[in-house]
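Structure data (mmCIF, C-alpha atoms and all ligand atoms) from coords-v4.cif:
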data_coords
loop_
_atom_site.label_atom_id
_atom_site.label_comp_id
_atom_site.auth_asym_id
_atom_site.auth_seq_id
_atom_site.Cartn_x
_atom_site.Cartn_y
_atom_site.Cartn_z
CA MET B 1 -14.58 28.65 -37.55
CA THR B 2 -16.30 29.50 -34.31
CA THR B 3 -19.22 27.29 -35.33
CA ALA B 4 -16.86 24.38 -36.03
CA VAL B 5 -15.26 24.74 -32.60
CA SER B 6 -18.59 24.85 -30.83
CA LEU B 7 -19.73 21.77 -32.75
CA THR B 8 -16.67 19.67 -31.94
CA MET B 9 -16.12 21.02 -28.42
CA PRO B 10 -19.60 21.12 -26.90
CA ALA B 11 -18.39 21.68 -23.32
CA ASP B 12 -21.02 22.88 -20.88
CA TRP B 13 -20.93 23.70 -17.15
CA ARG B 14 -20.94 20.03 -16.23
CA ASP B 15 -17.63 19.58 -18.03
CA PHE B 16 -16.09 22.52 -16.18
CA LEU B 17 -17.38 21.04 -12.94
CA ALA B 18 -15.87 17.64 -13.87
CA LEU B 19 -12.51 19.34 -14.40
CA THR B 20 -12.46 20.22 -10.70
CA LYS B 21 -12.74 16.50 -9.64
CA PRO B 22 -15.66 17.36 -7.33
CA ARG B 23 -16.04 13.95 -5.64
CA VAL B 24 -12.42 13.68 -4.51
CA MET B 25 -12.37 17.32 -3.52
CA THR B 26 -15.33 16.96 -1.10
CA LEU B 27 -13.02 15.13 1.33
CA VAL B 28 -10.19 17.61 0.71
CA VAL B 29 -12.54 20.47 1.53
CA PHE B 30 -13.98 18.62 4.53
CA THR B 31 -10.52 18.18 6.09
CA GLY B 32 -9.91 21.90 5.53
CA LEU B 33 -13.21 22.75 7.21
CA CYS B 34 -12.40 20.50 10.17
CA GLY B 35 -8.93 22.06 10.49
CA MET B 36 -10.65 25.43 10.70
CA LEU B 37 -13.33 24.35 13.18
CA ALA B 38 -10.80 22.55 15.42
CA ALA B 39 -8.77 25.73 15.89
CA PRO B 40 -8.99 27.37 19.31
CA VAL B 41 -9.87 30.74 17.76
CA GLY B 42 -13.31 31.37 16.29
CA ILE B 43 -13.65 32.85 12.82
CA HIS B 44 -16.57 35.00 11.64
CA PRO B 45 -18.97 32.71 9.69
CA VAL B 46 -18.73 34.86 6.55
CA LEU B 47 -14.94 34.72 6.65
CA GLY B 48 -15.03 31.01 7.47
CA PHE B 49 -17.27 30.36 4.49
CA THR B 50 -14.97 32.44 2.28
CA ALA B 51 -11.90 30.49 3.41
CA ILE B 52 -13.58 27.16 2.67
CA LEU B 53 -14.72 28.47 -0.71
CA CYS B 54 -11.10 29.41 -1.46
CA ILE B 55 -9.90 25.90 -0.54
CA ALA B 56 -12.61 24.38 -2.77
CA LEU B 57 -11.78 26.67 -5.70
CA GLY B 58 -8.03 26.16 -5.24
CA ALA B 59 -8.42 22.39 -5.11
CA GLY B 60 -10.70 22.55 -8.15
CA ALA B 61 -8.12 24.65 -9.99
CA ALA B 62 -5.44 22.06 -9.20
CA GLY B 63 -7.74 19.28 -10.51
CA ALA B 64 -8.37 21.23 -13.73
CA LEU B 65 -4.66 21.89 -14.31
CA ASN B 66 -3.95 18.21 -13.63
CA GLN B 67 -6.46 17.23 -16.31
CA TRP B 68 -5.11 19.88 -18.69
CA TYR B 69 -1.61 18.45 -18.37
CA GLU B 70 -2.43 14.76 -18.56
CA ALA B 71 -5.21 14.52 -21.15
CA ASP B 72 -2.98 12.09 -23.07
CA LEU B 73 -2.71 9.72 -20.07
CA ASP B 74 -6.41 10.00 -19.26
CA ALA B 75 -7.24 8.89 -22.81
CA HIS B 76 -5.55 5.52 -22.12
CA MET B 77 -7.43 4.59 -18.95
CA LYS B 78 -10.98 3.22 -18.74
CA ARG B 79 -11.61 5.17 -15.54
CA THR B 80 -10.62 8.51 -17.04
CA ARG B 81 -11.23 8.41 -20.78
CA GLY B 82 -14.70 9.93 -20.45
CA ARG B 83 -13.28 13.16 -18.95
CA PRO B 84 -13.96 16.37 -20.93
CA LEU B 85 -10.52 16.63 -22.59
CA PRO B 86 -9.86 13.02 -23.68
CA ALA B 87 -13.53 12.67 -24.71
CA GLY B 88 -13.09 15.70 -26.98
CA ARG B 89 -15.79 17.84 -25.37
CA MET B 90 -13.36 20.61 -24.41
CA ASP B 91 -10.19 22.10 -25.89
CA ARG B 92 -7.00 22.20 -23.78
CA GLN B 93 -6.78 25.98 -23.83
CA SER B 94 -10.19 26.39 -22.14
CA ALA B 95 -9.10 23.96 -19.40
CA LEU B 96 -5.83 25.83 -18.93
CA HIS B 97 -7.52 29.24 -18.72
CA PHE B 98 -10.14 27.89 -16.34
CA GLY B 99 -7.52 26.28 -14.08
CA VAL B 100 -5.17 29.25 -13.97
CA GLY B 101 -8.04 31.70 -13.50
CA LEU B 102 -9.50 29.70 -10.63
CA ALA B 103 -6.09 29.27 -8.98
CA VAL B 104 -5.28 32.99 -9.11
CA PHE B 105 -8.76 33.95 -7.93
CA SER B 106 -8.75 31.51 -4.98
CA VAL B 107 -5.30 32.56 -3.76
CA ALA B 108 -5.99 36.28 -4.21
CA LEU B 109 -9.30 36.05 -2.37
CA MET B 110 -7.70 34.04 0.45
CA GLY B 111 -4.90 36.63 0.77
CA LEU B 112 -7.19 39.66 0.64
CA ALA B 113 -10.13 38.40 2.71
CA ILE B 114 -8.47 35.97 5.14
CA ASN B 115 -4.72 36.14 5.70
CA LEU B 116 -1.36 35.67 4.03
CA ALA B 117 -0.48 32.46 5.88
CA ALA B 118 -3.57 30.65 4.53
CA ALA B 119 -3.00 32.09 1.04
CA ALA B 120 0.64 30.98 1.08
CA ILE B 121 -0.18 27.38 2.09
CA LEU B 122 -2.98 27.25 -0.51
CA THR B 123 -0.47 28.37 -3.15
CA VAL B 124 2.01 25.70 -2.05
CA SER B 125 -0.62 22.96 -2.20
CA ILE B 126 -1.80 23.92 -5.70
CA LEU B 127 1.80 24.10 -6.96
CA PHE B 128 2.63 20.82 -5.23
CA TYR B 129 -0.23 18.94 -6.89
CA VAL B 130 0.29 20.46 -10.32
CA LEU B 131 4.07 20.84 -10.61
CA ILE B 132 5.60 18.33 -8.16
CA TYR B 133 3.04 15.53 -8.51
CA THR B 134 1.47 15.88 -11.97
CA VAL B 135 4.27 17.37 -14.06
CA TRP B 136 7.36 16.05 -12.31
CA LEU B 137 6.85 12.82 -10.36
CA LYS B 138 3.75 11.03 -11.66
CA ARG B 139 5.34 9.71 -14.84
CA ARG B 140 8.78 9.15 -13.32
CA THR B 141 8.67 7.25 -10.04
CA PRO B 142 6.40 4.96 -8.03
CA GLN B 143 7.10 7.27 -5.06
CA ASN B 144 4.99 9.89 -6.94
CA ILE B 145 2.02 9.65 -4.60
CA VAL B 146 4.12 9.55 -1.43
CA ILE B 147 5.85 12.85 -2.13
CA GLY B 148 3.19 14.44 -4.35
CA GLY B 149 0.49 13.26 -1.97
CA ALA B 150 1.59 15.95 0.46
CA ALA B 151 -0.52 18.34 -1.64
CA GLY B 152 -3.69 16.72 -0.36
CA ALA B 153 -2.50 16.93 3.25
CA PHE B 154 -2.27 20.72 3.36
CA PRO B 155 -5.99 21.62 3.65
CA PRO B 156 -6.25 21.07 7.45
CA LEU B 157 -3.27 23.42 7.83
CA ILE B 158 -4.94 25.94 5.53
CA GLY B 159 -8.17 25.80 7.53
CA TRP B 160 -6.33 26.21 10.83
CA ALA B 161 -4.21 29.06 9.44
CA ALA B 162 -7.36 30.77 8.13
CA ALA B 163 -8.73 30.88 11.69
CA THR B 164 -5.55 31.62 13.61
CA GLY B 165 -3.06 33.15 11.14
CA GLU B 166 -0.44 30.56 12.16
CA ILE B 167 0.25 26.84 12.38
CA ALA B 168 0.56 24.62 15.45
CA LEU B 169 1.21 21.04 16.53
CA LEU B 170 -2.37 19.76 16.08
CA PRO B 171 -2.71 20.81 12.41
CA LEU B 172 0.80 19.43 11.77
CA LEU B 173 -0.39 16.08 13.14
CA LEU B 174 -3.45 16.30 10.88
CA PHE B 175 -1.12 16.99 7.96
CA SER B 176 0.91 13.88 8.90
CA LEU B 177 -2.27 11.82 9.19
CA VAL B 178 -3.44 12.64 5.64
CA PHE B 179 0.11 12.38 4.30
CA LEU B 180 0.57 8.86 5.75
CA TRP B 181 -3.00 7.85 4.88
CA THR B 182 -2.50 8.60 1.17
CA PRO B 183 -0.28 5.57 0.31
CA PRO B 184 -2.69 2.93 1.73
CA HIS B 185 -5.63 4.87 0.23
CA PHE B 186 -4.16 5.04 -3.22
CA TRP B 187 -2.21 1.77 -3.41
CA ALA B 188 -5.30 -0.22 -2.37
CA LEU B 189 -7.01 1.26 -5.44
CA ALA B 190 -3.90 0.89 -7.59
CA LEU B 191 -3.88 -2.86 -6.87
CA PHE B 192 -7.24 -3.34 -8.56
CA VAL B 193 -6.77 -0.85 -11.43
CA ARG B 194 -3.11 -1.62 -12.10
CA MET B 195 -3.75 -2.84 -15.64
CA ASP B 196 -5.10 0.62 -16.48
CA TYR B 197 -1.95 2.29 -15.14
CA ALA B 198 0.22 -0.24 -16.96
CA ALA B 199 -1.65 0.49 -20.22
CA ALA B 200 -1.11 4.22 -19.75
CA GLY B 201 2.58 3.71 -18.88
CA VAL B 202 2.25 5.32 -15.43
CA PRO B 203 4.85 3.83 -13.04
CA MET B 204 2.52 3.21 -10.09
CA LEU B 205 3.93 0.90 -7.41
CA PRO B 206 2.03 -2.31 -8.35
CA VAL B 207 3.09 -1.86 -11.98
CA VAL B 208 6.77 -1.24 -11.26
CA ALA B 209 7.50 -3.10 -8.03
CA GLY B 210 4.74 -5.73 -8.17
CA GLU B 211 1.81 -6.74 -6.04
CA ARG B 212 3.79 -8.25 -3.14
CA THR B 213 5.80 -5.07 -2.50
CA THR B 214 2.68 -2.92 -2.77
CA ARG B 215 0.86 -5.04 -0.18
CA THR B 216 3.81 -4.80 2.20
CA GLN B 217 4.06 -1.02 1.73
CA ILE B 218 0.35 -0.61 2.49
CA GLY B 219 0.89 -2.45 5.78
CA LEU B 220 4.01 -0.47 6.64
CA TYR B 221 2.47 2.98 6.03
CA THR B 222 -0.54 2.06 8.13
CA ILE B 223 1.61 1.89 11.29
CA PRO B 224 2.82 5.53 11.39
CA MET B 225 -0.59 6.61 10.05
CA ALA B 226 -2.23 5.01 13.08
CA LEU B 227 0.18 6.78 15.42
CA ALA B 228 -0.46 10.16 13.78
CA ALA B 229 -4.23 9.57 13.97
CA ILE B 230 -4.29 8.68 17.66
CA ALA B 231 -1.51 11.02 18.90
CA PRO B 232 -3.69 14.13 19.47
CA TRP B 233 -5.49 12.30 22.28
CA PRO B 234 -2.54 11.26 24.54
CA LEU B 235 -0.87 14.59 23.75
CA GLY B 236 -3.87 16.39 25.22
CA LEU B 237 -4.69 18.15 21.94
CA ALA B 238 -8.06 16.39 21.65
CA GLY B 239 -10.46 14.86 24.16
CA ALA B 240 -12.29 11.61 24.78
CA ILE B 241 -14.68 11.74 21.81
CA TYR B 242 -11.76 12.01 19.43
CA GLY B 243 -9.77 9.45 21.39
CA VAL B 244 -12.46 6.76 21.32
CA VAL B 245 -13.48 7.38 17.70
CA SER B 246 -9.93 7.57 16.36
CA VAL B 247 -8.84 4.40 18.17
CA ALA B 248 -11.90 2.45 16.99
CA MET B 249 -11.74 3.70 13.39
CA THR B 250 -7.99 3.13 13.23
CA ALA B 251 -8.30 -0.39 14.62
CA VAL B 252 -10.68 -1.29 11.77
CA PHE B 253 -8.38 0.43 9.25
CA GLY B 254 -5.46 -1.60 10.61
CA TRP B 255 -7.47 -4.82 10.37
CA PHE B 256 -8.43 -4.19 6.73
CA ALA B 257 -4.89 -3.09 5.85
CA LEU B 258 -3.46 -6.20 7.50
CA GLY B 259 -5.83 -8.33 5.42
CA VAL B 260 -4.51 -6.68 2.26
CA ALA B 261 -0.87 -6.74 3.37
CA LEU B 262 -0.84 -10.42 4.31
CA ARG B 263 -2.87 -11.62 1.34
CA THR B 264 -0.99 -13.73 -1.15
CA THR B 265 -0.87 -12.53 -4.74
CA ALA B 266 -4.42 -12.43 -6.12
CA PRO B 267 -5.17 -15.00 -8.84
CA GLU B 268 -6.13 -13.93 -12.39
CA GLY B 269 -9.74 -12.69 -12.46
CA ASP B 270 -9.90 -12.13 -8.67
CA THR B 271 -12.57 -9.62 -7.63
CA MET B 272 -10.12 -7.92 -5.22
CA GLN B 273 -12.70 -7.53 -2.45
CA PRO B 274 -10.22 -6.89 0.42
CA GLU B 275 -8.49 -4.16 -1.61
CA LYS B 276 -11.78 -2.54 -2.63
CA ARG B 277 -12.94 -2.68 0.98
CA LEU B 278 -9.78 -0.95 2.24
CA PHE B 279 -10.04 1.75 -0.43
CA GLY B 280 -13.71 2.45 0.32
CA TYR B 281 -13.11 2.39 4.07
CA SER B 282 -10.13 4.77 3.75
CA ILE B 283 -12.53 7.48 2.58
CA LEU B 284 -15.08 6.88 5.32
CA TYR B 285 -12.19 6.79 7.80
CA LEU B 286 -10.95 10.33 7.14
CA PHE B 287 -14.48 11.74 7.14
CA VAL B 288 -15.25 10.18 10.53
CA VAL B 289 -11.90 10.88 12.24
CA PHE B 290 -11.86 14.53 11.16
CA GLY B 291 -15.54 14.85 12.05
CA ALA B 292 -14.79 13.45 15.52
CA LEU B 293 -12.15 16.12 16.09
CA VAL B 294 -14.72 18.84 15.47
CA ALA B 295 -17.36 17.06 17.59
CA ASP B 296 -14.81 16.84 20.37
CA ARG B 297 -13.91 20.51 20.18
CA TRP B 298 -17.53 21.71 20.01
CA LEU B 299 -19.38 19.21 22.21
CA LEU B 300 -16.97 18.69 25.11
CA PRO B 301 -16.70 21.42 27.72
C1 LIG B 401 -1.58 11.72 -4.64
C2 LIG B 401 -2.54 11.36 -3.80
C3 LIG B 401 -3.82 10.68 -4.25
C4 LIG B 401 -4.05 9.91 -5.33
C5 LIG B 401 -3.08 9.52 -6.44
C6 LIG B 401 -5.45 9.54 -5.28
C7 LIG B 401 -6.09 8.80 -6.26
C8 LIG B 401 -7.41 8.55 -6.28
C9 LIG B 401 -8.08 7.92 -7.37
C10 LIG B 401 -7.41 7.49 -8.66
C11 LIG B 401 -9.38 7.81 -7.04
C12 LIG B 401 -10.49 7.19 -7.88
C13 LIG B 401 -11.55 8.19 -8.13
C14 LIG B 401 -11.59 8.74 -9.49
O1 LIG B 401 -12.02 8.00 -10.36
O2 LIG B 401 -11.23 9.92 -9.68
C15 LIG B 401 -9.55 8.39 -5.74
C16 LIG B 401 -10.73 8.49 -5.08
C17 LIG B 401 -10.93 9.27 -4.01
N1 LIG B 401 -9.97 9.98 -3.32
FE1 LIG B 401 -7.98 9.88 -3.63
N2 LIG B 401 -6.04 10.09 -4.18
C18 LIG B 401 -5.08 10.80 -3.53
C19 LIG B 401 -5.25 11.55 -2.41
C20 LIG B 401 -6.47 11.85 -1.88
C21 LIG B 401 -6.68 12.81 -0.83
C22 LIG B 401 -5.58 13.62 -0.16
C23 LIG B 401 -8.00 12.84 -0.59
C24 LIG B 401 -8.76 13.63 0.42
C25 LIG B 401 -8.28 14.03 1.55
C26 LIG B 401 -8.63 11.88 -1.48
C27 LIG B 401 -9.97 11.60 -1.51
C28 LIG B 401 -10.57 10.73 -2.37
C29 LIG B 401 -12.01 10.47 -2.40
C30 LIG B 401 -13.07 11.12 -1.50
C31 LIG B 401 -12.22 9.56 -3.43
C32 LIG B 401 -13.57 8.95 -3.86
C33 LIG B 401 -14.14 9.74 -4.98
C34 LIG B 401 -15.36 9.08 -5.55
O3 LIG B 401 -16.22 8.63 -4.80
O4 LIG B 401 -15.44 9.03 -6.78
N3 LIG B 401 -7.66 11.30 -2.24
N4 LIG B 401 -8.34 8.82 -5.28
C1 LIG B 402 -6.04 22.58 -1.82
C2 LIG B 402 -5.47 21.72 -2.85
C3 LIG B 402 -4.73 22.31 -3.96
C4 LIG B 402 -5.68 20.42 -2.79
C5 LIG B 402 -5.19 19.46 -3.76
C6 LIG B 402 -5.80 18.20 -3.33
C7 LIG B 402 -5.16 16.99 -3.86
C8 LIG B 402 -3.72 16.93 -4.13
C9 LIG B 402 -5.85 15.95 -4.03
C10 LIG B 402 -5.23 14.75 -4.54
C11 LIG B 402 -6.31 13.83 -4.86
C12 LIG B 402 -6.37 13.41 -6.26
C13 LIG B 402 -7.37 14.04 -7.13
C14 LIG B 402 -5.59 12.48 -6.69
C15 LIG B 402 -5.76 11.93 -8.03
O1 LIG B 402 -4.52 11.58 -8.51
P1 LIG B 402 -4.35 11.62 -10.05
O2 LIG B 402 -4.36 13.05 -10.48
O3 LIG B 402 -3.16 10.84 -10.40
O4 LIG B 402 -5.66 10.85 -10.48
P2 LIG B 402 -6.37 10.64 -11.85
O5 LIG B 402 -5.74 9.43 -12.42
O6 LIG B 402 -7.80 10.43 -11.43
O7 LIG B 402 -6.16 11.89 -12.67
#
Here is a file; write its structure as structure tokens.
Amino acid sequence: MTTAVSLTMPADWRDFLALTKPRVMTLVVFTGLCGMLAAPVGIHPVLGFTAILCIALGAGAAGALNQWYEADLDAHMKRTRGRPLPAGRMDRQSALHFGVGLAVFSVALMGLAINLAAAAILTVSILFYVLIYTVWLKRRTPQNIVIGGAAGAFPPLIGWAAATGEIALLPLLLFSLVFLWTPPHFWALALFVRMDYAAAGVPMLPVVAGERTTRTQIGLYTIPMALAAIAPWPLGLAGAIYGVVSVAMTAVFGWFALGVALRTTAPEGDTMQPEKRLFGYSILYLFVVFGALVADRWLLP
């Protein structure tokens, strides 16, 4: 029996790594690191490294549990059908054990080595992604990513809490930035992969409400996102490096988002360049804006 299982489920370390959604999680971990480095209190490098490791493992655990729960959906989409579970390289129980084990380990280590505040927020973000987003909202409402997307906005708060043991206005603004950034980030992508979501029966906004509404919503969310991004500067929570970089990066974001929002419905077979450009830029945007906050904190007197 054991031989049969190992023949049909030839999972290796690469499959376990794929369960953690490593590419998406690099940005999640980066925002956590920047939240930690932007805090006014220094943290010992070993403890800082441990806290970031816990965020990475916790985010990876959430990704694994997401893939454990929705292997059926993933099997219907081109983008996801090669993942370890739908491709038949791993059994669901291994994914579940891996995800739960990693989640418990990351939270326990954060609580024991760092502090309870960081461990508590890490727990909330894992539960938010797995239970609120994946299990509850994703298959039920096109608002899934607005509410569930909060999960991905917690890491800057976790990083800050790891350094200081508490939360403050600046990390709350960073939370708002990622929270409000998520709809334009995801809906830009959803516009060009909507057929996949329709095939899988996932009620993403372009599938349920149509392309026009999605474009308008992208434009509308960009406005408060821009305010959250720039606010730390006039509020005196960040200096000139952050101010200049965030204004410039946000202006370009706004320009690309406006192009997508005002575009008429794309014709059949359209290559969706403006939407792809906004999606790609959204990733660069968060990397640069969060990086600027750290540069500001460490380079300016
Ligand atoms: C509910 C909220 C979100 C949804 C539904 C979403 C969805 C997606 C999807 C479907 C992709 C395509 C990549 C793939 O094939 O796996 C993607 C890419 C990406 N997302 Fe998001 N995302 C969300 C929030 C976030 C957050 C909060 C971050 C980080 C702060 C993030 C960072 C990224 C990055 C870095 C990529 C590019 C990965 C690559 O190069 O393959 N996303 N997102
Ligand atoms: C610290 C911590 C727990 C962080 C969690 C981070 C988090 C919520 C990231 C969200 C990004 C993500 C992988 C969305 C994919 O949505 P999807 O699952 O609908 O995408 P899929 O179709 O690719 O599976």
Taking only C-alpha atoms and all ligand atoms into account, list the residues no farther than 7 Å from ligand LIG 402 (chain B), as a list in words.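 Final answer, ordered by chain and number: Lys21, Val24, Met25, Val28, Ile55, Ala56, Gly58, Ala59, Ala62, Gly63, Asn66, Gln67, Asp74, Thr80, Leu122, Ser125, Ile126, Tyr129, Thr134, Gly149, Ala151, Gly152, Phe154 and Pro155 of chain B.
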Produce as a PyMOL selection string the set of residues near ligand LIG 401 (chain B), where near means within 10 Å with all atoms listed in the file considered. chain B and resi 18+21-32+78-80+129+133-134+138+143-156+175+177-190+193+197+204+279-280+282-284+286-287
At a cut-off of 12 Å, can you tabulate as a Markdown table every residue of segment 12-92 of chain B near segment 233-254 of chain B together with its closest atom pair and the distance in Å to one decimal, using only C-alpha atoms and ordering rows by chain then number?
| residue | atom | partner | partner_atom | distance |
| --- | --- | --- | --- | --- |
| B:Ala38 | CA | B:Ala238 | CA | 9.2 |
| B:Ala39 | CA | B:Leu237 | CA | 10.5 |
| B:Pro40 | CA | B:Leu237 | CA | 10.5 |
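Atom CA of Ala118 of chain B is positioned 5.0 Å from atom CA of Ile158 of chain B.
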Per-residue nearest contacts segment 128-235 of chain B to segment 259-269 of chain B, cut-off 6 Å, using all atoms listed in the file, as a tab-separated table:
residue	atom	partner	partner_atom	distance
B:Arg215	CA	B:Ala261	CA	4.3
B:Thr216	CA	B:Ala261	CA	5.2
B:Gly219	CA	B:Ala261	CA	5.2
